[in-house]
Each structure stands twice: as C-alpha cells, then as structure tokens.
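Visitor: File name query19.cif; file contents mmCIF, C-alpha atoms, pLDDT in the B column; chains and numbers go by the auth columns; full text below.
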```
data_start
#
loop_
_atom_site.group_PDB
_atom_site.id
_atom_site.type_symbol
_atom_site.label_atom_id
_atom_site.label_comp_id
_atom_site.label_asym_id
_atom_site.label_seq_id
_atom_site.Cartn_x
_atom_site.Cartn_y
_atom_site.Cartn_z
_atom_site.B_iso_or_equiv
_atom_site.auth_seq_id
_atom_site.auth_asym_id
ATOM 1 C CA MET A 1 -14.855 13.275 -67.937 96.00 168 A
ATOM 2 C CA HIS A 2 -13.760 15.498 -70.806 96.00 169 A
ATOM 3 C CA SER A 3 -11.237 13.173 -72.402 97.00 170 A
ATOM 4 C CA ALA A 4 -9.756 9.785 -71.675 97.00 171 A
ATOM 5 C CA PRO A 5 -7.897 7.281 -73.825 97.00 172 A
ATOM 6 C CA ARG A 6 -10.110 4.261 -74.524 97.00 173 A
ATOM 7 C CA ALA A 7 -7.896 1.983 -72.403 96.00 174 A
ATOM 8 C CA LEU A 8 -8.536 4.130 -69.311 96.00 175 A
ATOM 9 C CA CYS A 9 -12.334 4.266 -69.627 97.00 176 A
ATOM 10 C CA PRO A 10 -13.020 1.110 -67.551 97.00 177 A
ATOM 11 C CA HIS A 11 -10.492 2.274 -64.948 96.00 178 A
ATOM 12 C CA VAL A 12 -12.331 5.608 -64.653 97.00 179 A
ATOM 13 C CA GLU A 13 -15.593 3.735 -64.079 97.00 180 A
ATOM 14 C CA TRP A 14 -13.977 1.539 -61.402 96.00 181 A
ATOM 15 C CA ALA A 15 -12.468 4.566 -59.671 96.00 182 A
ATOM 16 C CA VAL A 16 -15.797 6.422 -59.615 96.00 183 A
ATOM 17 C CA ALA A 17 -17.626 3.287 -58.461 96.00 184 A
ATOM 18 C CA GLY A 18 -15.116 2.847 -55.655 95.00 185 A
ATOM 19 C CA VAL A 19 -15.824 6.345 -54.364 95.00 186 A
ATOM 20 C CA LEU A 20 -19.615 6.246 -54.809 94.00 187 A
ATOM 21 C CA GLY A 21 -20.023 2.685 -53.588 94.00 188 A
ATOM 22 C CA THR A 22 -22.192 1.650 -56.519 92.00 189 A
ATOM 23 C CA ARG A 23 -21.606 0.099 -59.933 93.00 190 A
ATOM 24 C CA VAL A 24 -20.926 2.708 -62.620 93.00 191 A
ATOM 25 C CA ASN A 25 -21.348 2.186 -66.366 93.00 192 A
ATOM 26 C CA LEU A 26 -20.752 5.426 -68.224 95.00 193 A
ATOM 27 C CA ASP A 27 -21.989 6.098 -71.738 95.00 194 A
ATOM 28 C CA TRP A 28 -18.739 6.952 -73.496 97.00 195 A
ATOM 29 C CA ILE A 29 -18.768 8.913 -76.754 96.00 196 A
ATOM 30 C CA ARG A 30 -15.906 10.049 -78.958 95.00 197 A
ATOM 31 C CA GLN A 31 -14.303 13.364 -77.994 95.00 198 A
ATOM 32 C CA PRO A 32 -14.049 15.402 -81.207 94.00 199 A
ATOM 33 C CA ALA A 33 -11.702 17.944 -79.608 93.00 200 A
ATOM 34 C CA SER A 34 -9.056 15.231 -79.174 93.00 201 A
ATOM 35 C CA PRO A 35 -9.264 12.388 -81.686 93.00 202 A
ATOM 36 C CA GLY A 36 -8.628 9.007 -80.109 94.00 203 A
ATOM 37 C CA THR A 37 -10.127 9.988 -76.758 96.00 204 A
ATOM 38 C CA TRP A 38 -13.564 9.474 -75.241 97.00 205 A
ATOM 39 C CA ARG A 39 -15.821 11.543 -73.003 97.00 206 A
ATOM 40 C CA ALA A 40 -18.661 10.857 -70.580 96.00 207 A
ATOM 41 C CA GLU A 41 -20.873 12.948 -68.323 93.00 208 A
ATOM 42 C CA PHE A 42 -22.690 11.996 -65.160 91.00 209 A
ATOM 43 C CA SER A 43 -24.290 13.604 -62.166 90.00 210 A
ATOM 44 C CA TRP A 44 -23.975 12.217 -58.675 88.00 211 A
ATOM 45 C CA GLN A 45 -25.245 12.818 -55.181 86.00 212 A
ATOM 46 C CA GLY A 46 -23.221 12.167 -52.062 87.00 213 A
ATOM 47 C CA ASP A 47 -22.030 13.418 -48.733 90.00 214 A
ATOM 48 C CA PRO A 48 -19.925 16.583 -48.471 91.00 215 A
ATOM 49 C CA GLY A 49 -16.356 15.655 -49.370 92.00 216 A
ATOM 50 C CA THR A 50 -17.348 13.257 -52.145 95.00 217 A
ATOM 51 C CA ALA A 51 -16.119 15.668 -54.841 95.00 218 A
ATOM 52 C CA SER A 52 -12.625 15.705 -53.363 96.00 219 A
ATOM 53 C CA LYS A 53 -12.636 11.899 -53.174 96.00 220 A
ATOM 54 C CA LEU A 54 -13.676 11.663 -56.834 97.00 221 A
ATOM 55 C CA ALA A 55 -11.002 14.153 -57.925 97.00 222 A
ATOM 56 C CA SER A 56 -8.374 12.312 -55.884 96.00 223 A
ATOM 57 C CA ALA A 57 -9.366 8.981 -57.406 96.00 224 A
ATOM 58 C CA LEU A 58 -9.017 10.389 -60.937 96.00 225 A
ATOM 59 C CA ARG A 59 -5.964 12.612 -60.596 92.00 226 A
ATOM 60 C CA GLY A 60 -3.463 9.753 -60.713 86.00 227 A
ATOM 61 C CA TRP A 61 -3.900 9.256 -64.457 89.00 228 A
ATOM 62 C CA HIS A 62 -1.954 11.915 -66.301 87.00 229 A
ATOM 63 C CA LEU A 63 -3.846 11.512 -69.602 93.00 230 A
ATOM 64 C CA LEU A 64 -7.283 12.493 -68.254 96.00 231 A
ATOM 65 C CA ARG A 65 -9.086 15.809 -68.579 97.00 232 A
ATOM 66 C CA PHE A 66 -11.938 16.128 -66.118 97.00 233 A
ATOM 67 C CA GLU A 67 -14.012 18.366 -63.883 97.00 234 A
ATOM 68 C CA VAL A 68 -15.811 17.465 -60.677 96.00 235 A
ATOM 69 C CA THR A 69 -18.232 19.887 -59.066 94.00 236 A
ATOM 70 C CA ALA A 70 -20.257 19.764 -55.875 94.00 237 A
ATOM 71 C CA GLU A 71 -23.108 22.134 -55.199 92.00 238 A
ATOM 72 C CA PRO A 72 -23.083 23.969 -51.862 90.00 239 A
ATOM 73 C CA CYS A 73 -25.451 22.693 -49.201 87.00 240 A
ATOM 74 C CA ALA A 74 -26.359 23.569 -45.616 86.00 241 A
ATOM 75 C CA ALA A 75 -23.378 21.579 -44.330 86.00 242 A
ATOM 76 C CA ALA A 76 -20.661 22.617 -46.806 89.00 243 A
ATOM 77 C CA GLU A 77 -19.529 25.128 -49.414 91.00 244 A
ATOM 78 C CA GLY A 78 -19.502 24.022 -53.035 94.00 245 A
ATOM 79 C CA GLU A 79 -16.343 22.788 -54.723 95.00 246 A
ATOM 80 C CA ARG A 80 -14.904 22.659 -58.199 96.00 247 A
ATOM 81 C CA TYR A 81 -12.005 20.531 -59.360 97.00 248 A
ATOM 82 C CA SER A 82 -10.542 20.830 -62.863 97.00 249 A
ATOM 83 C CA SER A 83 -7.683 18.737 -64.188 97.00 250 A
ATOM 84 C CA THR A 84 -5.640 18.692 -67.382 97.00 251 A
ATOM 85 C CA PRO A 85 -2.479 16.778 -68.293 95.00 252 A
ATOM 86 C CA GLU A 86 -0.561 20.032 -68.820 95.00 253 A
ATOM 87 C CA LEU A 87 -1.748 22.017 -65.776 96.00 254 A
ATOM 88 C CA GLY A 88 -2.510 19.373 -63.179 96.00 255 A
ATOM 89 C CA ILE A 89 -5.401 19.871 -60.797 97.00 256 A
ATOM 90 C CA PHE A 90 -7.182 23.069 -59.783 97.00 257 A
ATOM 91 C CA HIS A 91 -9.451 23.339 -56.752 97.00 258 A
ATOM 92 C CA ALA A 92 -11.789 26.147 -55.806 96.00 259 A
ATOM 93 C CA VAL A 93 -14.456 26.658 -53.190 95.00 260 A
ATOM 94 C CA THR A 94 -17.702 27.937 -54.684 94.00 261 A
ATOM 95 C CA GLY A 95 -20.578 29.886 -53.207 91.00 262 A
ATOM 96 C CA MET A 96 -24.284 29.352 -53.628 88.00 263 A
ATOM 97 C CA HIS A 97 -24.349 31.126 -57.007 88.00 264 A
ATOM 98 C CA GLY A 98 -21.312 29.284 -58.397 87.00 265 A
ATOM 99 C CA ASP A 99 -18.855 32.108 -57.759 93.00 266 A
ATOM 100 C CA ILE A 100 -15.323 31.100 -56.793 95.00 267 A
ATOM 101 C CA LEU A 101 -14.507 32.127 -53.239 95.00 268 A
ATOM 102 C CA VAL A 102 -10.824 32.989 -52.879 96.00 269 A
ATOM 103 C CA PRO A 103 -9.381 32.518 -49.364 95.00 270 A
ATOM 104 C CA GLU A 104 -7.647 35.569 -47.903 96.00 271 A
ATOM 105 C CA ASP A 105 -4.254 33.898 -47.562 97.00 272 A
ATOM 106 C CA ARG A 106 -4.186 32.914 -51.241 96.00 273 A
ATOM 107 C CA LEU A 107 -5.167 36.439 -52.283 96.00 274 A
ATOM 108 C CA ARG A 108 -2.514 37.977 -50.013 97.00 275 A
ATOM 109 C CA ALA A 109 0.139 35.596 -51.401 97.00 276 A
ATOM 110 C CA ALA A 110 -0.828 36.520 -54.978 97.00 277 A
ATOM 111 C CA MET A 111 -0.632 40.236 -54.150 97.00 278 A
ATOM 112 C CA SER A 112 2.743 39.702 -52.474 97.00 279 A
ATOM 113 C CA ARG A 113 4.198 37.892 -55.508 97.00 280 A
ATOM 114 C CA ALA A 114 2.935 40.669 -57.775 97.00 281 A
ATOM 115 C CA SER A 115 4.318 43.431 -55.541 97.00 282 A
ATOM 116 C CA ARG A 116 7.758 41.743 -55.550 97.00 283 A
ATOM 117 C CA GLY A 117 7.652 41.701 -59.364 97.00 284 A
ATOM 118 C CA GLU A 118 7.549 37.907 -59.584 97.00 285 A
ATOM 119 C CA SER A 119 4.377 38.049 -61.669 96.00 286 A
ATOM 120 C CA GLU A 120 1.589 40.342 -62.789 97.00 287 A
ATOM 121 C CA LEU A 121 -1.410 40.717 -60.458 96.00 288 A
ATOM 122 C CA GLU A 122 -3.796 39.991 -63.343 97.00 289 A
ATOM 123 C CA ALA A 123 -2.064 36.649 -64.011 97.00 290 A
ATOM 124 C CA GLU A 124 -2.156 35.779 -60.314 97.00 291 A
ATOM 125 C CA VAL A 125 -5.884 36.512 -60.079 97.00 292 A
ATOM 126 C CA ALA A 126 -6.502 34.491 -63.254 97.00 293 A
ATOM 127 C CA LYS A 127 -4.820 31.473 -61.614 97.00 294 A
ATOM 128 C CA LEU A 128 -6.854 31.928 -58.437 97.00 295 A
ATOM 129 C CA LEU A 129 -10.021 31.837 -60.545 97.00 296 A
ATOM 130 C CA GLY A 130 -8.922 28.828 -62.613 97.00 297 A
ATOM 131 C CA LYS A 131 -8.740 30.695 -65.903 97.00 298 A
ATOM 132 C CA PRO A 132 -5.861 28.638 -67.352 98.00 299 A
ATOM 133 C CA TRP A 133 -7.889 25.457 -66.701 97.00 300 A
ATOM 134 C CA ASP A 134 -11.050 27.002 -68.158 96.00 301 A
ATOM 135 C CA ASP A 135 -9.149 28.093 -71.261 96.00 302 A
ATOM 136 C CA GLU A 136 -7.739 24.602 -71.802 95.00 303 A
ATOM 137 C CA LEU A 137 -10.960 22.705 -71.031 96.00 304 A
ATOM 138 C CA GLU A 138 -13.421 24.894 -72.944 94.00 305 A
ATOM 139 C CA PRO A 139 -13.000 23.085 -76.295 93.00 306 A
ATOM 140 C CA PHE A 140 -13.637 19.779 -74.486 94.00 307 A
ATOM 141 C CA ARG A 141 -16.797 20.849 -72.640 90.00 308 A
ATOM 142 C CA TYR A 142 -19.194 20.735 -75.568 80.00 309 A
ATOM 143 C CA ALA A 143 -20.659 17.229 -75.735 58.00 310 A
ATOM 144 C CA GLY A 144 -22.859 17.731 -78.754 52.00 311 A
ATOM 145 C CA GLU A 145 -26.590 17.482 -79.073 46.00 312 A
ATOM 146 C CA GLY A 146 -28.059 14.251 -77.771 50.00 313 A
ATOM 147 C CA ALA A 147 -25.001 13.288 -75.731 53.00 314 A
ATOM 148 C CA PRO A 148 -25.989 10.898 -72.956 51.00 315 A
ATOM 149 C CA VAL A 149 -25.898 11.990 -69.341 46.00 316 A
ATOM 150 C CA ARG A 150 -26.088 9.365 -66.593 47.00 317 A
ATOM 151 C CA TRP A 151 -27.641 10.385 -63.270 44.00 318 A
ATOM 152 C CA LEU A 152 -26.140 8.594 -60.257 46.00 319 A
ATOM 153 C CA HIS A 153 -27.820 8.717 -56.884 45.00 320 A
ATOM 154 C CA GLN A 154 -26.463 7.902 -53.470 45.00 321 A
ATOM 155 C CA VAL A 155 -28.532 8.083 -50.332 44.00 322 A
ATOM 156 C CA VAL A 156 -27.319 10.977 -48.209 41.00 323 A
#
```
Any chance you could give the structure as structure tokens?
Guide:
Amino acid sequence: MHSAPRALCPHVEWAVAGVLGTRVNLDWIRQPASPGTWRAEFSWQGDPGTASKLASALRGWHLLRFEVTAEPCAAAEGERYSSTPELGIFHAVTGMHGDILVPEDRLRAAMSRASRGESELEAEVAKLLGKPWDDELEPFRYAGEGAPVRWLHQVV
C-alpha cells in the first residue's frame, strides 16, 4: 500500500484479511510523498489468483495508491497490479524474471491505433508496459530505512 488516508487504513486491513482468510494488522507509517497519507508493506503467500482478488478488493477506494504482485509458479504466470487515483488500475502478466508479457491481441491493437494516427506507437507501448503507473508511483515506493515489512503466510 503506497498511500492511504488514515480513515481507510482499517478498511484496507479488513479487505486484505477477507481475501487471505487471516487477521491482518499492518504496520502503517507516514507517507512523506503525500502528507496526510499512510503506507504499509507486506508479503503474502496464496493460491494462484490471490493477487487479482487482493487488487479487486482494494480497487473500490479511489484514494488508494497500491501495487500487488504475484510471483510466477509452476501452475501460473506472475501478475502485477498497480493502481493510482488518477490512472485507475493496471494489470500485467509477468514472466519468471519479472518481465511484462504483452499478449498478442493487445500489441496488435496498439499497433493498429498507432497506424491509424490515433496515438504514437511509443506511447502505446509505454501503456502496455505500465510506464504511466510506474512514473506516478515511483515517488511513493521508497519506504525509508527501517520501514516495517509484515510477512503473511497462507498454506497453499
């Protein structure tokens, strides 16, 4: 969680707990990139599809900035979700080295829009790779030295 208004912090914990099926108490610290907001980090383990459930549970609150990632495993590709109030939610499939894997149909659609002059190909590719989300979230990613990280475990 990159930034959340203080009033939403308990709601974030309840939403995450509802998805993971275990009580969640995050260690919230002030977010210096956005005064008046708070941040928390945690790692989790769960079945494939848990990342999408977490992102879905959090996306309803417009004032949150967050990222949810799932590492690839034998049963599923990895996933990355990024969300900002201004841009909404971004989803990408990731490979074993963290690279974003762009589906053919999305790449063809981007090339088609660029060839029709609706946009520049470079801008289309940047969107496919989540660059606008990365640009907006980068100032929020640094937690500072000694920031707490909570490790959550779920039997898989």
Visitor: Write out as a ChimeraX atom specification the residues lying within 9 Å of Ala171 of chain A, counting only C-alpha atoms and excluding same-chain residues fewer than 3 positions away.
Guide: /A:168,174-176,179,198,203-206,230-233
Visitor: Interatomic distance between atom CA of Pro306 of chain A and atom CA of Leu187 of chain A?
Guide: 28.1 Å
Visitor: Step by step, work through what the PyMOL selection byres ((chain A and resi 260) around 10) selects in the shown file, and finish by giving those residues as a ChimeraX atom specification.
Guide: /A:236-239,243-248,258-259,261-262,265-270
Visitor: Could you write those residues out with C-alpha atoms, as a PDB file, keeping the file's coordinate frame?
Guide:
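Generated file (out10.pdb):
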```pdb
ATOM      1  CA  THR A 236     -18.232  19.887 -59.066  1.00 94.00           C
ATOM      2  CA  ALA A 237     -20.257  19.764 -55.875  1.00 94.00           C
ATOM      3  CA  GLU A 238     -23.108  22.134 -55.199  1.00 92.00           C
ATOM      4  CA  PRO A 239     -23.083  23.969 -51.862  1.00 90.00           C
ATOM      5  CA  ALA A 243     -20.661  22.617 -46.806  1.00 89.00           C
ATOM      6  CA  GLU A 244     -19.529  25.128 -49.414  1.00 91.00           C
ATOM      7  CA  GLY A 245     -19.502  24.022 -53.035  1.00 94.00           C
ATOM      8  CA  GLU A 246     -16.343  22.788 -54.723  1.00 95.00           C
ATOM      9  CA  ARG A 247     -14.904  22.659 -58.199  1.00 96.00           C
ATOM     10  CA  TYR A 248     -12.005  20.531 -59.360  1.00 97.00           C
ATOM     11  CA  HIS A 258      -9.451  23.339 -56.752  1.00 97.00           C
ATOM     12  CA  ALA A 259     -11.789  26.147 -55.806  1.00 96.00           C
ATOM     13  CA  THR A 261     -17.702  27.937 -54.684  1.00 94.00           C
ATOM     14  CA  GLY A 262     -20.578  29.886 -53.207  1.00 91.00           C
ATOM     15  CA  GLY A 265     -21.312  29.284 -58.397  1.00 87.00           C
ATOM     16  CA  ASP A 266     -18.855  32.108 -57.759  1.00 93.00           C
ATOM     17  CA  ILE A 267     -15.323  31.100 -56.793  1.00 95.00           C
ATOM     18  CA  LEU A 268     -14.507  32.127 -53.239  1.00 95.00           C
ATOM     19  CA  VAL A 269     -10.824  32.989 -52.879  1.00 96.00           C
ATOM     20  CA  PRO A 270      -9.381  32.518 -49.364  1.00 95.00           C
TER      21      PRO A 270
END
```
Visitor: Where does the PyMOL selection byres ((chain A and resi 195) around 7) land in this file, that is, which residues does it pick, as a PyMOL selection string?
Guide: chain A and resi 193-194+196-197+205-207
Visitor: May I ask for the distance between atom CA of Ala224 of chain A and atom CA of Val183 of chain A, given in Å to one decimal place?
Guide: 7.3 Å
Visitor: Do you know which residues are at most 12 Å from Ala290 of chain A counting all atoms listed in the file, after dropping those on the same chain fewer than 6 positions away, and could you put them as JSON, numbers by chain?
Guide: {"A": [277, 278, 280, 281, 284, 296, 297, 298, 299]}
Visitor: Any chance you could work out the residue set of the PyMOL selection byres ((chain A and resi 303) around 10) here, as a PDB file with C-alpha atoms, in the coordinates of the input?
Guide:
```pdb
ATOM      1  CA  ARG A 232      -9.086  15.809 -68.579  1.00 97.00           C
ATOM      2  CA  SER A 250      -7.683  18.737 -64.188  1.00 97.00           C
ATOM      3  CA  THR A 251      -5.640  18.692 -67.382  1.00 97.00           C
ATOM      4  CA  GLU A 253      -0.561  20.032 -68.820  1.00 95.00           C
ATOM      5  CA  LEU A 254      -1.748  22.017 -65.776  1.00 96.00           C
ATOM      6  CA  LYS A 298      -8.740  30.695 -65.903  1.00 97.00           C
ATOM      7  CA  PRO A 299      -5.861  28.638 -67.352  1.00 98.00           C
ATOM      8  CA  TRP A 300      -7.889  25.457 -66.701  1.00 97.00           C
ATOM      9  CA  ASP A 301     -11.050  27.002 -68.158  1.00 96.00           C
ATOM     10  CA  ASP A 302      -9.149  28.093 -71.261  1.00 96.00           C
ATOM     11  CA  LEU A 304     -10.960  22.705 -71.031  1.00 96.00           C
ATOM     12  CA  GLU A 305     -13.421  24.894 -72.944  1.00 94.00           C
ATOM     13  CA  PRO A 306     -13.000  23.085 -76.295  1.00 93.00           C
ATOM     14  CA  PHE A 307     -13.637  19.779 -74.486  1.00 94.00           C
ATOM     15  CA  ARG A 308     -16.797  20.849 -72.640  1.00 90.00           C
TER      16      ARG A 308
END
```
Visitor: So, with only C-alpha atoms as the atoms that count, which of A:Ser210, A:Ser201, A:Ser170, A:Ser249 lies closest to Ala222 of chain A?
Guide: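 Once distances to Ala222 of chain A are computed over only C-alpha atoms, the minimum belongs to A:Ser249.
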Visitor: With distances taken over only C-alpha atoms, which of A:Leu274, A:Phe257, A:Lys294, A:Gly227 is nearest to His178 of chain A?
Guide: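 Going through A:Leu274, A:Phe257, A:Lys294, A:Gly227 one by one, the smallest distance to His178 of chain A is for A:Gly227.
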